[in-house]
$ cat model-v1.txt   # compact mmCIF, C-alpha atoms and all ligand atoms
# COMPACT_ATOMS: atom_id res chain seq x y z
CA MET Q 1 -117.91 113.19 5.03
CA THR Q 2 -116.74 114.69 8.34
CA THR Q 3 -115.61 112.00 10.72
CA SER Q 4 -115.13 111.59 14.46
CA PRO Q 5 -113.49 109.00 16.75
CA SER Q 6 -113.02 105.37 15.82
CA PHE Q 7 -115.67 102.69 16.46
CA ALA Q 8 -113.00 101.05 18.65
CA THR Q 9 -114.06 103.39 21.49
CA LEU Q 10 -117.44 101.60 21.63
CA PRO Q 11 -118.43 98.41 23.49
CA LEU Q 12 -118.71 96.28 20.33
CA SER Q 13 -117.44 92.74 19.74
CA GLU Q 14 -114.13 92.20 17.95
CA ALA Q 15 -116.04 90.59 15.08
CA MET Q 16 -118.21 93.71 14.75
CA GLN Q 17 -115.17 96.01 14.88
CA ALA Q 18 -113.49 93.96 12.15
CA ASN Q 19 -116.64 93.98 10.02
CA LEU Q 20 -117.00 97.77 10.29
CA GLN Q 21 -113.38 98.08 9.17
CA ALA Q 22 -114.03 95.72 6.26
CA LEU Q 23 -117.01 97.86 5.22
CA GLY Q 24 -114.67 100.86 5.10
CA TYR Q 25 -116.15 102.52 8.17
CA ALA Q 26 -112.91 103.50 9.90
CA ALA Q 27 -114.18 106.49 11.85
CA MET Q 28 -117.63 107.35 13.13
CA THR Q 29 -119.65 110.08 11.47
CA PRO Q 30 -120.71 112.89 13.86
CA ILE Q 31 -124.24 111.51 14.40
CA GLN Q 32 -122.79 108.04 15.11
CA ALA Q 33 -120.23 109.47 17.55
CA ALA Q 34 -122.86 111.54 19.36
CA SER Q 35 -125.59 108.89 19.52
CA LEU Q 36 -123.94 105.48 19.91
CA PRO Q 37 -122.72 105.92 23.52
CA ILE Q 38 -126.36 106.76 24.42
CA THR Q 39 -128.10 104.09 22.36
CA LEU Q 40 -125.66 101.26 23.16
CA ALA Q 41 -126.41 101.99 26.83
CA GLY Q 42 -130.07 101.24 26.08
CA GLN Q 43 -131.53 104.74 26.27
CA ASP Q 44 -134.23 106.18 24.01
CA LEU Q 45 -132.95 108.68 21.47
CA ILE Q 46 -134.28 111.45 19.25
CA ALA Q 47 -131.69 112.13 16.53
CA GLN Q 48 -131.70 114.80 13.86
CA ALA Q 49 -128.99 114.84 11.23
CA LYS Q 50 -129.02 115.61 7.55
CA THR Q 51 -129.42 113.05 4.78
CA GLY Q 52 -126.26 111.09 4.07
CA SER Q 53 -124.85 111.45 7.58
CA GLY Q 54 -124.81 107.73 8.45
CA LYS Q 55 -128.02 107.39 10.45
CA THR Q 56 -128.61 103.78 9.34
CA VAL Q 57 -125.46 102.47 11.05
CA ALA Q 58 -126.34 104.68 14.05
CA PHE Q 59 -129.54 102.70 14.70
CA THR Q 60 -128.34 99.34 13.39
CA LEU Q 61 -125.57 98.89 15.99
CA PRO Q 62 -127.87 99.34 19.05
CA LEU Q 63 -130.55 97.07 17.65
CA LEU Q 64 -127.99 94.34 16.93
CA HIS Q 65 -126.51 94.88 20.39
CA THR Q 66 -129.68 93.63 22.13
CA LEU Q 67 -130.47 90.89 19.61
CA ASP Q 68 -130.57 87.25 20.73
CA THR Q 69 -130.28 85.18 17.54
CA LYS Q 70 -131.06 81.98 19.47
CA SER Q 71 -134.62 83.24 19.73
CA PHE Q 72 -136.55 83.51 16.48
CA ALA Q 73 -138.99 86.11 17.76
CA VAL Q 74 -139.04 89.52 16.11
CA GLN Q 75 -136.88 91.71 18.34
CA ALA Q 76 -136.45 94.87 16.28
CA LEU Q 77 -138.73 96.83 13.96
CA VAL Q 78 -137.60 99.67 11.70
CA LEU Q 79 -140.40 101.76 10.18
CA CYS Q 80 -139.49 103.62 6.97
CA PRO Q 81 -141.55 105.90 4.70
CA THR Q 82 -141.04 104.09 1.38
CA ARG Q 83 -140.19 100.70 -0.04
CA GLU Q 84 -137.03 102.12 -1.62
CA LEU Q 85 -135.76 103.34 1.75
CA ALA Q 86 -136.79 100.10 3.47
CA ASP Q 87 -134.79 98.11 0.89
CA GLN Q 88 -131.73 100.34 1.46
CA VAL Q 89 -132.01 99.95 5.23
CA THR Q 90 -132.39 96.16 4.93
CA THR Q 91 -129.27 95.97 2.75
CA GLU Q 92 -127.25 98.04 5.23
CA ILE Q 93 -128.47 96.08 8.27
CA ARG Q 94 -127.49 92.81 6.52
CA ARG Q 95 -123.99 94.18 5.78
CA VAL Q 96 -123.45 95.28 9.37
CA ALA Q 97 -125.04 92.08 10.74
CA ARG Q 98 -122.54 89.85 8.90
CA ALA Q 99 -120.46 90.01 12.07
CA GLU Q 100 -123.18 88.14 13.98
CA ASP Q 101 -124.51 84.60 13.53
CA ASN Q 102 -127.41 84.18 11.13
CA VAL Q 103 -129.34 87.36 11.69
CA LYS Q 104 -132.57 87.19 9.72
CA VAL Q 105 -133.87 90.51 8.35
CA LEU Q 106 -137.20 90.70 6.54
CA THR Q 107 -138.63 93.61 4.53
CA LEU Q 108 -142.41 94.17 4.67
CA CYS Q 109 -143.64 96.83 2.27
CA GLY Q 110 -146.84 97.47 0.37
CA GLY Q 111 -146.90 96.91 -3.37
CA SER Q 112 -145.67 93.32 -2.93
CA PRO Q 113 -148.02 90.35 -2.55
CA ILE Q 114 -148.78 89.66 1.09
CA ARG Q 115 -148.74 85.87 1.06
CA PRO Q 116 -144.99 85.35 0.43
CA GLN Q 117 -144.35 87.84 3.25
CA THR Q 118 -146.65 85.85 5.55
CA GLU Q 119 -144.80 82.64 4.63
CA SER Q 120 -141.42 84.25 5.33
CA LEU Q 121 -142.71 85.52 8.68
CA ALA Q 122 -143.82 81.98 9.56
CA HIS Q 123 -140.18 80.86 9.19
CA GLY Q 124 -139.11 83.44 11.75
CA ALA Q 125 -137.23 86.74 11.60
CA HIS Q 126 -135.20 88.77 14.08
CA ILE Q 127 -135.52 92.18 12.46
CA ILE Q 128 -138.38 93.63 10.41
CA VAL Q 129 -137.91 96.65 8.16
CA GLY Q 130 -141.10 97.98 6.63
CA THR Q 131 -143.58 100.68 5.81
CA PRO Q 132 -146.22 101.46 8.48
CA GLY Q 133 -149.25 100.41 6.41
CA ARG Q 134 -147.99 96.95 5.49
CA VAL Q 135 -146.58 96.27 8.97
CA LEU Q 136 -150.00 97.17 10.41
CA ASP Q 137 -151.68 94.88 7.89
CA HIS Q 138 -149.55 91.94 9.12
CA LEU Q 139 -150.28 92.80 12.75
CA GLY Q 140 -154.04 92.76 11.99
CA ARG Q 141 -153.71 89.36 10.29
CA GLU Q 142 -151.61 88.11 13.21
CA SER Q 143 -148.89 87.00 10.79
CA LEU Q 144 -146.61 89.38 12.74
CA ASN Q 145 -146.29 89.49 16.51
CA LEU Q 146 -144.26 92.13 18.31
CA ASP Q 147 -144.57 90.82 21.90
CA ALA Q 148 -140.81 90.16 22.09
CA LEU Q 149 -139.81 93.48 20.50
CA GLN Q 150 -136.83 95.18 22.14
CA THR Q 151 -136.05 98.02 19.73
CA LEU Q 152 -138.41 100.21 17.71
CA VAL Q 153 -136.84 102.56 15.15
CA LEU Q 154 -138.76 105.36 13.46
CA ASP Q 155 -136.51 106.21 10.51
CA GLU Q 156 -137.04 109.33 8.40
CA ALA Q 157 -139.76 110.40 10.85
CA ASP Q 158 -140.29 113.73 9.07
CA ARG Q 159 -141.00 112.00 5.77
CA MET Q 160 -143.30 109.44 7.37
CA LEU Q 161 -145.39 112.29 8.80
CA ASP Q 162 -145.39 114.13 5.45
CA MET Q 163 -146.76 110.96 3.88
CA GLY Q 164 -149.62 110.79 6.38
CA PHE Q 165 -148.41 107.79 8.39
CA ALA Q 166 -149.01 109.25 11.88
CA ASP Q 167 -152.10 107.12 12.61
CA ASP Q 168 -150.57 103.95 11.20
CA ILE Q 169 -147.45 104.50 13.31
CA ALA Q 170 -149.61 105.00 16.42
CA GLN Q 171 -151.44 101.74 15.73
CA VAL Q 172 -148.16 99.84 15.22
CA VAL Q 173 -146.75 101.27 18.46
CA ALA Q 174 -149.89 100.04 20.27
CA HIS Q 175 -148.77 96.48 19.34
CA CYS Q 176 -145.28 96.99 20.82
CA PRO Q 177 -144.37 96.18 24.43
CA LYS Q 178 -144.19 99.24 26.68
CA GLN Q 179 -140.78 98.10 27.86
CA ARG Q 180 -138.61 98.69 24.82
CA GLN Q 181 -135.98 101.01 23.39
CA THR Q 182 -137.35 103.59 20.93
CA LEU Q 183 -135.07 105.43 18.50
CA LEU Q 184 -136.34 108.24 16.27
CA PHE Q 185 -134.22 109.49 13.37
CA SER Q 186 -135.09 112.44 11.18
CA ALA Q 187 -133.35 114.78 8.72
CA THR Q 188 -135.46 117.73 9.91
CA TYR Q 189 -137.26 118.40 13.18
CA PRO Q 190 -140.56 120.21 12.57
CA GLU Q 191 -143.22 120.45 15.30
CA GLY Q 192 -145.03 117.35 14.05
CA VAL Q 193 -141.96 115.19 14.63
CA ASP Q 194 -141.59 116.62 18.12
CA LYS Q 195 -145.23 115.73 18.86
CA LEU Q 196 -144.71 112.22 17.54
CA ALA Q 197 -141.63 111.81 19.73
CA ARG Q 198 -143.42 113.06 22.86
CA ARG Q 199 -146.23 110.60 22.17
CA PHE Q 200 -144.13 107.47 21.99
CA MET Q 201 -140.95 108.13 23.92
CA ARG Q 202 -140.12 108.75 27.55
CA ASP Q 203 -137.02 110.49 28.87
CA ALA Q 204 -135.39 110.35 25.46
CA GLN Q 205 -131.94 111.83 24.97
CA GLU Q 206 -131.69 114.28 22.09
CA VAL Q 207 -128.91 114.72 19.54
CA LYS Q 208 -129.62 117.36 16.93
CA LEU Q 209 -126.84 118.11 14.50
CA ALA Q 210 -128.59 119.75 11.56
CA GLU Q 211 -130.24 123.10 11.13
CA LYS Q 212 -133.76 123.40 12.52
CA HIS Q 213 -136.79 123.66 10.22
P1 LIG Q 301 -128.66 108.83 6.28
O1 LIG Q 301 -129.61 107.76 6.73
O2 LIG Q 301 -128.23 109.72 7.37
O3 LIG Q 301 -129.19 109.59 5.09
P2 LIG Q 301 -127.02 106.61 5.43
O4 LIG Q 301 -127.17 105.78 6.63
O5 LIG Q 301 -127.83 106.22 4.25
O6 LIG Q 301 -127.33 108.15 5.77
O7 LIG Q 301 -125.46 106.67 5.08
C1 LIG Q 301 -124.96 107.43 4.00
C2 LIG Q 301 -123.71 106.76 3.46
O8 LIG Q 301 -122.64 106.85 4.40
C3 LIG Q 301 -123.87 105.30 3.15
O9 LIG Q 301 -123.30 105.03 1.91
C4 LIG Q 301 -123.10 104.59 4.24
O10 LIG Q 301 -122.60 103.37 3.82
C5 LIG Q 301 -122.02 105.59 4.55
N1 LIG Q 301 -121.49 105.51 5.95
C6 LIG Q 301 -122.19 105.28 7.07
N2 LIG Q 301 -121.39 105.31 8.17
C7 LIG Q 301 -120.14 105.57 7.72
C8 LIG Q 301 -118.86 105.73 8.35
N3 LIG Q 301 -118.73 105.61 9.68
N4 LIG Q 301 -117.78 105.99 7.58
C9 LIG Q 301 -117.93 106.10 6.24
N5 LIG Q 301 -119.11 105.95 5.56
C10 LIG Q 301 -120.20 105.70 6.29
MG MG Q 302 -131.56 107.28 6.33
$ encode --input "model-v1.txt" --output "structure tokens" --more "lines below"
Ligand code: ADP
Ligand code: MG
Amino acid sequence: MTTSPSFATLPLSEAMQANLQALGYAAMTPIQAASLPITLAGQDLIAQAKTGSGKTVAFTLPLLHTLDTKSFAVQALVLCPTRELADQVTTEIRRVARAEDNVKVLTLCGGSPIRPQTESLAHGAHIIVGTPGRVLDHLGRESLNLDALQTLVLDEADRMLDMGFADDIAQVVAHCPKQRQTLLFSATYPEGVDKLARRFMRDAQEVKLAEKH
């Protein structure tokens, strides 16, 4: 993997720097180096970079940056196209979040019974990772409330559109506060993804590192 400057150039805590080192992340990948100065400053971002380029860490650091673990409200939501990807993202967020105190990450995907998810939500979570349909289901049941959301991540936006999630995403976004940071990550950038971005983001910075499709 091509690498860029060290994470030490970023405004991250010493504990976070040490944890990134421990995870073997010595240098930033190009998408991390290009996006983190923007996202850690709180700006919206549209990012395109190929699969395997380290996009998960690129959105995990800004969402942890604004997290207040003393509050048990949901403060970040990551929408993913599939359960498999949601599980991978949850695992990676938990690894990166080890540097912080007791960050609670919950995965909400279809194909699992809803009641245990509802019970887990009742105990509180800081970060939700899930598929659009199941997240919307919880919003409709009022087992999930996004009034305190600070960061919305649309991960693998191209695949979510391919899978027909545009309407579900729009309905989830309608439950999010207008004042928030929105980060969109995608391996490709077809017209549909551009439309989605224009719909939900304002004055977003763009970092596109991969070939256009
Ligand atoms: P993408 O979402 O772009 O497909 P991932 O976030 O899944 O990519 O990351 C791909 C792999 O790269 C993962 O195994 C991850 O642990 C690793 N990785 C992420 N950031 C770094 C880094 N700065 N240095 C080395 N490896 C990294
Ligand atoms: Mg990814």
$ atom_distance --input "model-v1.txt" --atom1 "atom CA of Q:Met163" --atom2 "atom CA of Q:Thr91"
23.1 Å
$ residues_around --input "model-v1.txt" --residues "stretch 64-69 of chain Q" --least-positions-apart "2" --cutoff "10 Å" --atoms "all atoms listed in the file" --output "NGL selection string"
:Q and (11-13 or 39-42 or 59-62 or 71-76 or 93 or 96-97 or 99-104 or 125-127 or 149-151 or 181)
$ write_last_selection --input "model-v1.txt" --atoms "C-alpha atoms" --output "CSV table (one decimal), keeping the file's coordinate frame"
chain,number,residue,atom,x,y,z
Q,11,PRO,CA,-118.4,98.4,23.5
Q,12,LEU,CA,-118.7,96.3,20.3
Q,13,SER,CA,-117.4,92.7,19.7
Q,39,THR,CA,-128.1,104.1,22.4
Q,40,LEU,CA,-125.7,101.3,23.2
Q,41,ALA,CA,-126.4,102.0,26.8
Q,42,GLY,CA,-130.1,101.2,26.1
Q,59,PHE,CA,-129.5,102.7,14.7
Q,60,THR,CA,-128.3,99.3,13.4
Q,61,LEU,CA,-125.6,98.9,16.0
Q,62,PRO,CA,-127.9,99.3,19.0
Q,71,SER,CA,-134.6,83.2,19.7
Q,72,PHE,CA,-136.6,83.5,16.5
Q,73,ALA,CA,-139.0,86.1,17.8
Q,74,VAL,CA,-139.0,89.5,16.1
Q,75,GLN,CA,-136.9,91.7,18.3
Q,76,ALA,CA,-136.4,94.9,16.3
Q,93,ILE,CA,-128.5,96.1,8.3
Q,96,VAL,CA,-123.4,95.3,9.4
Q,97,ALA,CA,-125.0,92.1,10.7
Q,99,ALA,CA,-120.5,90.0,12.1
Q,100,GLU,CA,-123.2,88.1,14.0
Q,101,ASP,CA,-124.5,84.6,13.5
Q,102,ASN,CA,-127.4,84.2,11.1
Q,103,VAL,CA,-129.3,87.4,11.7
Q,104,LYS,CA,-132.6,87.2,9.7
Q,125,ALA,CA,-137.2,86.7,11.6
Q,126,HIS,CA,-135.2,88.8,14.1
Q,127,ILE,CA,-135.5,92.2,12.5
Q,149,LEU,CA,-139.8,93.5,20.5
Q,150,GLN,CA,-136.8,95.2,22.1
Q,151,THR,CA,-136.0,98.0,19.7
Q,181,GLN,CA,-136.0,101.0,23.4
$ closest_residue --input "model-v1.txt" --among "Q:Ala58, Q:Ala34, Q:Ala22, Q:Val173" --to "ligand LIG 301 (chain Q)" --atoms "all atoms listed in the file"
Q:Ala58
$ residues_around --input "model-v1.txt" --residues "Q:Arg83" --least-positions-apart "6" --cutoff "10 Å" --atoms "only C-alpha atoms" --output "NGL selection string"
:Q and (89 or 107-112 or 129-131)
$ closest_residue --input "model-v1.txt" --among "Q:Leu106, Q:Ala174, Q:Ala187, Q:Ala166" --to "ligand LIG 301 (chain Q)" --atoms "all atoms listed in the file"
Q:Ala187
$ residues_around --input "model-v1.txt" --residues "stretch 50-56 of chain Q" --least-positions-apart "6" --cutoff "10 Å" --atoms "all atoms listed in the file" --output "ChimeraX atom specification"
/Q:1-3,28-32,35,88-90,92-93,96,155-156,185-188,208-211
$ atom_distance --input "model-v1.txt" --atom1 "atom CA of Q:Phe165" --atom2 "atom CA of Q:Arg141"
19.3 Å
$ closest_residue --input "model-v1.txt" --among "Q:Arg180, Q:Arg95, Q:His138, Q:Arg115" --to "ligand LIG 301 (chain Q)" --atoms "only C-alpha atoms and all ligand atoms"
Q:Arg95
$ closest_residue --input "model-v1.txt" --among "Q:Leu36, Q:Ala170, Q:Ala86, Q:Ala197" --to "ligand MG 302 (chain Q)" --atoms "all atoms listed in the file"
Q:Ala86
$ residues_near_point --input "model-v1.txt" --point "(-149.2, 101.2, 17.0)" --cutoff "12 Å" --atoms "only C-alpha atoms" --output "ChimeraX atom specification"
/Q:77,79,132-133,135-137,139-140,146,152,154,165-178,196,199-200
$ build_atoms --input "model-v1.txt" --residues "stretch 61-83 of chain Q" --atoms "N, CA and C atoms" --output "PDB file, in the frame of the given file"
ATOM      1  N   LEU Q  61    -126.447  99.457  14.935  1.00  0.00           N
ATOM      2  CA  LEU Q  61    -125.570  98.890  15.990  1.00  0.00           C
ATOM      3  C   LEU Q  61    -126.322  98.671  17.304  1.00  0.00           C
ATOM      4  N   PRO Q  62    -127.130  99.635  17.809  1.00  0.00           N
ATOM      5  CA  PRO Q  62    -127.870  99.340  19.050  1.00  0.00           C
ATOM      6  C   PRO Q  62    -128.903  98.236  18.891  1.00  0.00           C
ATOM      7  N   LEU Q  63    -129.547  98.136  17.735  1.00  0.00           N
ATOM      8  CA  LEU Q  63    -130.550  97.070  17.650  1.00  0.00           C
ATOM      9  C   LEU Q  63    -129.891  95.692  17.565  1.00  0.00           C
ATOM     10  N   LEU Q  64    -128.711  95.628  16.933  1.00  0.00           N
ATOM     11  CA  LEU Q  64    -127.990  94.340  16.930  1.00  0.00           C
ATOM     12  C   LEU Q  64    -127.431  94.009  18.306  1.00  0.00           C
ATOM     13  N   HIS Q  65    -127.111  95.050  19.068  1.00  0.00           N
ATOM     14  CA  HIS Q  65    -126.510  94.880  20.390  1.00  0.00           C
ATOM     15  C   HIS Q  65    -127.420  94.095  21.339  1.00  0.00           C
ATOM     16  N   THR Q  66    -128.735  94.290  21.209  1.00  0.00           N
ATOM     17  CA  THR Q  66    -129.680  93.630  22.130  1.00  0.00           C
ATOM     18  C   THR Q  66    -130.275  92.355  21.527  1.00  0.00           C
ATOM     19  N   LEU Q  67    -129.865  92.024  20.307  1.00  0.00           N
ATOM     20  CA  LEU Q  67    -130.470  90.890  19.610  1.00  0.00           C
ATOM     21  C   LEU Q  67    -129.976  89.548  20.159  1.00  0.00           C
ATOM     22  N   ASP Q  68    -130.916  88.620  20.345  1.00  0.00           N
ATOM     23  CA  ASP Q  68    -130.570  87.250  20.730  1.00  0.00           C
ATOM     24  C   ASP Q  68    -130.961  86.351  19.560  1.00  0.00           C
ATOM     25  N   THR Q  69    -129.958  85.927  18.763  1.00  0.00           N
ATOM     26  CA  THR Q  69    -130.280  85.180  17.540  1.00  0.00           C
ATOM     27  C   THR Q  69    -130.729  83.745  17.848  1.00  0.00           C
ATOM     28  N   LYS Q  70    -130.572  83.316  19.107  1.00  0.00           N
ATOM     29  CA  LYS Q  70    -131.060  81.980  19.470  1.00  0.00           C
ATOM     30  C   LYS Q  70    -132.594  81.962  19.519  1.00  0.00           C
ATOM     31  N   SER Q  71    -133.166  83.128  19.764  1.00  0.00           N
ATOM     32  CA  SER Q  71    -134.620  83.240  19.730  1.00  0.00           C
ATOM     33  C   SER Q  71    -135.022  83.673  18.326  1.00  0.00           C
ATOM     34  N   PHE Q  72    -136.125  83.105  17.815  1.00  0.00           N
ATOM     35  CA  PHE Q  72    -136.550  83.510  16.480  1.00  0.00           C
ATOM     36  C   PHE Q  72    -137.716  84.494  16.511  1.00  0.00           C
ATOM     37  N   ALA Q  73    -137.949  85.082  17.686  1.00  0.00           N
ATOM     38  CA  ALA Q  73    -138.990  86.110  17.760  1.00  0.00           C
ATOM     39  C   ALA Q  73    -138.474  87.401  17.134  1.00  0.00           C
ATOM     40  N   VAL Q  74    -139.405  88.197  16.638  1.00  0.00           N
ATOM     41  CA  VAL Q  74    -139.040  89.520  16.110  1.00  0.00           C
ATOM     42  C   VAL Q  74    -138.631  90.402  17.280  1.00  0.00           C
ATOM     43  N   GLN Q  75    -137.396  90.915  17.218  1.00  0.00           N
ATOM     44  CA  GLN Q  75    -136.880  91.710  18.340  1.00  0.00           C
ATOM     45  C   GLN Q  75    -136.638  93.173  17.977  1.00  0.00           C
ATOM     46  N   ALA Q  76    -136.641  93.473  16.689  1.00  0.00           N
ATOM     47  CA  ALA Q  76    -136.450  94.870  16.280  1.00  0.00           C
ATOM     48  C   ALA Q  76    -137.332  95.162  15.078  1.00  0.00           C
ATOM     49  N   LEU Q  77    -137.899  96.371  15.075  1.00  0.00           N
ATOM     50  CA  LEU Q  77    -138.730  96.830  13.960  1.00  0.00           C
ATOM     51  C   LEU Q  77    -138.253  98.212  13.544  1.00  0.00           C
ATOM     52  N   VAL Q  78    -137.976  98.367  12.252  1.00  0.00           N
ATOM     53  CA  VAL Q  78    -137.600  99.670  11.700  1.00  0.00           C
ATOM     54  C   VAL Q  78    -138.705 100.107  10.755  1.00  0.00           C
ATOM     55  N   LEU Q  79    -139.376 101.210  11.078  1.00  0.00           N
ATOM     56  CA  LEU Q  79    -140.400 101.760  10.180  1.00  0.00           C
ATOM     57  C   LEU Q  79    -139.783 102.816   9.290  1.00  0.00           C
ATOM     58  N   CYS Q  80    -140.037 102.709   7.981  1.00  0.00           N
ATOM     59  CA  CYS Q  80    -139.490 103.620   6.970  1.00  0.00           C
ATOM     60  C   CYS Q  80    -140.631 104.159   6.119  1.00  0.00           C
ATOM     61  N   PRO Q  81    -140.453 105.331   5.490  1.00  0.00           N
ATOM     62  CA  PRO Q  81    -141.550 105.900   4.700  1.00  0.00           C
ATOM     63  C   PRO Q  81    -141.842 105.199   3.380  1.00  0.00           C
ATOM     64  N   THR Q  82    -140.820 104.665   2.720  1.00  0.00           N
ATOM     65  CA  THR Q  82    -141.040 104.090   1.380  1.00  0.00           C
ATOM     66  C   THR Q  82    -140.331 102.735   1.252  1.00  0.00           C
ATOM     67  N   ARG Q  83    -140.789 101.998   0.246  1.00  0.00           N
ATOM     68  CA  ARG Q  83    -140.190 100.700  -0.040  1.00  0.00           C
ATOM     69  C   ARG Q  83    -138.713 100.846  -0.402  1.00  0.00           C
TER      70      ARG Q  83
END
